[in-house]
Amino acid sequence: MNDVRKEIIKTNVKFLSAEEAVSKIPNKARMMVGGFGRTGIPEKLLEAVIETTDLDGFTIISNNISEGSNLHHLFMGGRIKKAIGTYYTTSKEVVKAYRENRIEIELLPQGTLSEALRLGGSGIPAFYTPTSAGTELANNKESRVFNGREYVLEESLTAEVALIKAYKADKAGNLIYRKSARNFNPLMAMAADITIVEVDEIVEVGKLDPEEIITPFIFVDVVVKGGDTVNG
Amino acid sequence: MNDVRKEIIKTNVKFLSAEEAVSKIPNKARMMVGGFGRTGIPEKLLEAVIETTDLDGFTIISNNISEGSNLHHLFMGGRIKKAIGTYYTTSKEVVKAYRENRIEIELLPQGTLSEALRLGGSGIPAFYTPTSAGTELANNKESRVFNGREYVLEESLTAEVALIKAYKADKAGNLIYRKSARNFNPLMAMAADITIVEVDEIVEVGKLDPEEIITPFIFVDVVVKGGDTVNG
Amino acid sequence: MVDISIKRYIAWRAAQELQTGVVNLGIGIPTMVADYLPRGKVTLHSENGILGVGPSPAPEEEDPDLINAGKAPVTIQPHSSFFDSSLSFAMMRGGHLDATVIGALQVAQNGDIASWAIPGKDVLGVGGAMDLVAGAKRVIVATTHVTPKGEAKILPKCTYPLTATKRVDTIITEYAVFKIRQGKLMLVEKIDEISFEDLLTITGASYQIAEDFRTVVREQAMLELV
Amino acid sequence: MVDISIKRYIAWRAAQELQTGVVNLGIGIPTMVADYLPRGKVTLHSENGILGVGPSPAPEEEDPDLINAGKAPVTIQPHSSFFDSSLSFAMMRGGHLDATVIGALQVAQNGDIASWAIPGKDVLGVGGAMDLVAGAKRVIVATTHVTPKGEAKILPKCTYPLTATKRVDTIITEYAVFKIRQGKLMLVEKIDEISFEDLLTITGASYQIAEDFRTVVREQAMLELV
């Protein structure tokens with residue numbers, strides 16, 4: 001066992017600068033962005049998208065677009081064409097842009113968004129949920145009765161890119177999160193073709209307890225070292 | 001924060017003997033049993049079912065019925081009417097009983113079983129999976145094409161009782177598992193009306209790291225202290 | 001505006017419904033319910049991934065990675081755990097929460113609820129409300145009896161966009177407590193300070209008096225509230 | 001019985017396809033592939049919830065809580081993680097595994113595979129095979145070219161119950177390597193020790209010679225195998 005512990009392990013996960021990492025994003029990308037409120041947002045990656053690329057026409061899948069975040073700055077730069085998420089009323093600018101047809105918005109209940117991400121990453125293309133049955137959000141969606149209750153058919157979500165925020169990565173690409181900054185991040189890691197992670201710290205392989213790893217490296221493509229503060 | 005740490009917390013989780021715990025199981029129960037191979041099986045709870053109850057006519061949802069396990073003993077006692085799982089060919093006795101119409105078997109792919117448990121506990125009654133599309137196991141099941149590929153509609157699984165095996169519980173009922181003994185256990189914990197857990201160790205509240213807890217106490221009803229060996 | 005002490009009364013009365021188990025509290029009056037819960041017996045769930053939400057921290061102890069669903073800094077308790085949004089909503093939708101206390105714009109006598117959108121306005125935020133109402137074992141609406149304009153909130157039928165159909169279990173206002181039993185709205189409690197006639201007048205829905213109906217004295221309860 | 005060195009050759013040849021990434025190995029010949037993988041570059045996945053399966057432990061180091069999908073005691077590697085069955089199968093079905101190497105009873109020229117049941121026998125065990133084949137990015141079949149009775153396994157159409165349709169990418173036998181490209185079976189490699197005629201005779205399916213076809217000397221490779 002001790003011999004095995006000393007084994008040098010190489011995975012396909014790449015460790016890049018923020019600028020190199022975001023250069024992998026295609027233009028007009030369908031892109032997931034982690035975070036809830038201001039917590040668990042990959043701020044440095046978003047900053048690199050804003051500052052070092054000309055990318056625009058994004059379709060962004062994220063819970064919301066929080067004022068003050070770099071996701072909001074990306075939006076203010078007119079680079080987000082469509083947003084899929086649960087809550088946009090906290091930003092007056094987003095509401096205004098919606099009214100002026102400068103942004104398209106697709107609203108999902110938060111639990112539907114969560115499960116659509118997890119199942120999107122799990123090869124399950126669609127599922128039935130009780131949430132929103134009989135409401136406006138179920139308009140134009142199929143519904144079906146199971147055991148006497150009505151359920152709505154929801155399609156799972158996948159994307160070309162996910163920008164997520166984790167607390168620590170080991171040098172194989174395994175991830176752990178911190179407190180409520182976990183939120184949508186592990187789900188989005190699973191659901192995108194390219195998952196780019198911003199972390200506070202990169203540790204040696206073997207430093208993360210195998211029981212404790214939340215996102216195994218198999219879901220990770222690129223790791224970027226972010227700021228040193230816990231909130232990136 | 002230190003004051004809060006000292007707070008005395010009472011949850012609805014009960015700590016009982018194996019005999020008291022299994023007395024809560026109704027007769028002819030639809031019951032989930034954790035474990036894969038001989039790993040992560042709640043052996044002591046099953047022993048209590050065999051030794052201290054007259055319960056029979058069980059419908060058992062479990063990956064398999066491993067020879068030598070108490071689940072196999074329960075089966076050998078003629079107390080299992082139906083089994084839902086993925087792999088029964090490892091027990092000659094189960095195969096024989098099936099041929100002699102002494103047990104009904106419903107076979108599912110292992111990934112379908114896993115996801116049906118997790119979604120059963122998540123309020124999602126049905127989902128589409130690519131697995132088994134175009135095979136015998138999809139006979140009599142609906143299928144549907146999404147993005148050019150065929151998917152099979154599978155119903156999620158719930159049960160009246162789950163007997164599961166964890167490594168440690170704290171006195172609030174939070175659980176952690178050990179190595180590959182995790183397998184189906186956290187999923188079944190979510191999917192049953194009554195979840196009874198056998199653990200190797202019960203620790204004080206606060207001894208489990210909140211980042212590390214796999215099954216929050218909300219999914220647990222009864223905790224039973226099992227044997228002291230890691231394999232229960 | 002409604003007197004803060006009236007809001008506190010509603011929150012206190014809602015807390016009386018919760019003596020044990022796991023609860024998710026919505027924004028507004030429901031948030032205040034936390035102040036009146038029995039210590040150490042009711043655990044709070046926050047949909048962004050916390051079971052066991054503790055009180056607000058002192059400003060110097062705020063952690064930007066530790067917020068509740070209302071985006072306010074919180075603490076945790078000794079039995080807390082963190083998890084991703086998918087497990088968090090599995091708890092809700094899977095029926096594992098004992099109750100949720102939420103506000104409402106309208107509640108119908110059959111248990112329909114409208115709490116997230118107003119007709120004619122842009123519908124740009126729903127959050128976790130629909131999952132909560134669809135999934136919690138008990139949906140307790142804690143709300144003022146009428147709107148600030150004096151319009152009834154408890155109605156024969158909701159006219160605002162629905163959050164869910166037939167999911168409300170209990171309605172708690174500053175004047176009364178209703179339960180929806182077998183699809184029927186039942187008055188189970190009324191404060192002594194309002195007459196049956198006046199209560200009927202400010203309630204848009206029709207209701208029956210429950211067998212276990214009782215009258216309480218609100219002033220008395222309010223004297224004891226902080 | 002097939003000579004063990006023949007099985008080892010098939011396993012070794014399959015390993016040549018895997019230079020990096022995450023792989024799940026099935027039972028039988030595929031299990032032997034582990035012995036020939038480049039050290040520290042290919043990570044093994046086990047469907048019961050391990051990413052980073054290490055070699056078999058010494059008997060005194062066996063841990064009953066640490067087994068692989070074949071129920072044999074294993075070890076883990078420094079970068080390993082444990083997870084529940086649902087996340088494990090999410091890895092498979094979600095297309096996160098770079099490849100799986102599995103055995104087969106029959107493979108069809110369009111990529112259909114039959115690996116879990118025989119007609120007329122009770123169908124009582126499927127395990128994770130269907131999910132693996134449905135989900136892995138590459139499905140590599142490692143099998144002897146014919147059955148112990150000498151019947152062809154590579155066929156125009158499977159006659160046994162299917163595991164999945166059109167999912168096989170590569171077929172590796174002791175005589176040849178086939179790839180299924182644009183739905184067509186292509187011969188990409190043949191050992192020097194068998195003639196084209198004989199290969200055609202023992203193969204039930206029809207195939208074309210690939211542009212990148214090559215001949216290899218099996219004896220040479222086998223000399224180097226342990």
# chains A, B, ... in the order shown; residues from 1 in each chain; ligands from 1
>>> closest_atom_pairs(of="chain D", to="chain B", cutoff="8 Å", atoms="only C-alpha atoms", output="CSV")
residue,atom,partner,partner_atom,distance
D:Asn48,CA,B:Asn183,CA,5.7
D:Gly49,CA,B:Ser180,CA,5.8
D:Ile50,CA,B:Ser180,CA,6.7
D:Pro64,CA,B:Asn231,CA,6.2
D:Asp65,CA,B:Ala181,CA,5.2
D:Leu66,CA,B:Ser180,CA,5.2
D:Ile67,CA,B:Ser180,CA,6.4
D:Asn68,CA,B:Ser180,CA,7.9
D:Lys71,CA,B:Gly37,CA,5.9
D:Phe82,CA,B:Lys179,CA,5.9
D:Phe83,CA,B:Arg182,CA,6.8
D:Asp84,CA,B:Asn183,CA,4.6
D:Ser85,CA,B:Asn183,CA,4.9
D:Ser86,CA,B:Ser114,CA,4.8
D:Phe89,CA,B:Gly111,CA,5.1
D:Ala90,CA,B:Gly111,CA,7.8
D:Arg93,CA,B:Thr131,CA,7.7
D:Leu124,CA,B:Tyr88,CA,5.4
D:Gly125,CA,B:Tyr87,CA,3.9
D:Val126,CA,B:Thr86,CA,5.6
D:Gly127,CA,B:Thr86,CA,4.9
D:Gly128,CA,B:Gln110,CA,4.8
D:Ala129,CA,B:Pro109,CA,7.6
D:Met130,CA,B:Thr131,CA,5.8
D:Asp131,CA,B:Thr131,CA,5.3
D:Ala134,CA,B:Thr131,CA,5.6
D:Gly135,CA,B:Thr131,CA,8.0
D:Pro161,CA,B:Glu136,CA,6.5
D:Leu162,CA,B:Thr135,CA,5.2
D:Thr163,CA,B:Thr135,CA,6.3
D:Ala164,CA,B:Ser132,CA,6.3
D:Thr165,CA,B:Gly134,CA,6.4
>>> residues_around(residues="Phe146 (chain B)", least_positions_apart="4", cutoff="10 Å", atoms="only C-alpha atoms", output="list in words")
Pro125, Ala126 and Glu155 of chain A; Tyr128, Pro130, Glu150 and Tyr151 of chain B
>>> select_by_dssp(residues="region 3-174 of chain A", states="alpha helix (DSSP H)", output="ChimeraX atom specification")
/A:3-6,18-22,43-52,70-76,92-99,110-120
>>> closest_residue(among="A:Ala189, A:Val203, A:Phe217, A:Gly120", to="chain B", atoms="only C-alpha atoms")
A:Gly120
>>> residues_around(residues="Ile27 (chain D)", least_positions_apart="6", cutoff="8 Å", atoms="only C-alpha atoms", output="list in words")
Gly70, Ile102 and Gly103 of chain D
>>> residues_around(residues="Thr100 (chain D)", least_positions_apart="4", cutoff="12 Å", atoms="only C-alpha atoms", output="count of residues only")
46
>>> residues_around(residues="region 46-52 of chain A", least_positions_apart="6", cutoff="8 Å", atoms="only C-alpha atoms", output="VMD selection string")
chain A and resid 18 to 19 22 70 to 71 73 to 74 163
>>> residues_around(residues="Asp193 (chain A)", least_positions_apart="3", cutoff="10 Å", atoms="only C-alpha atoms", output="VMD selection string")
(chain A and resid 31 121 158 to 162 189 to 190 196 219 to 221) or (chain D and resid 95 to 96)
>>> select_by_dssp(residues="chain D", states="strand (DSSP E)", output="ChimeraX atom specification")
/D:21-25,42-46,50-54,75-82,99-102,106-108,113-114,139-142,154-155,170-172,176-181,184-191,208-216
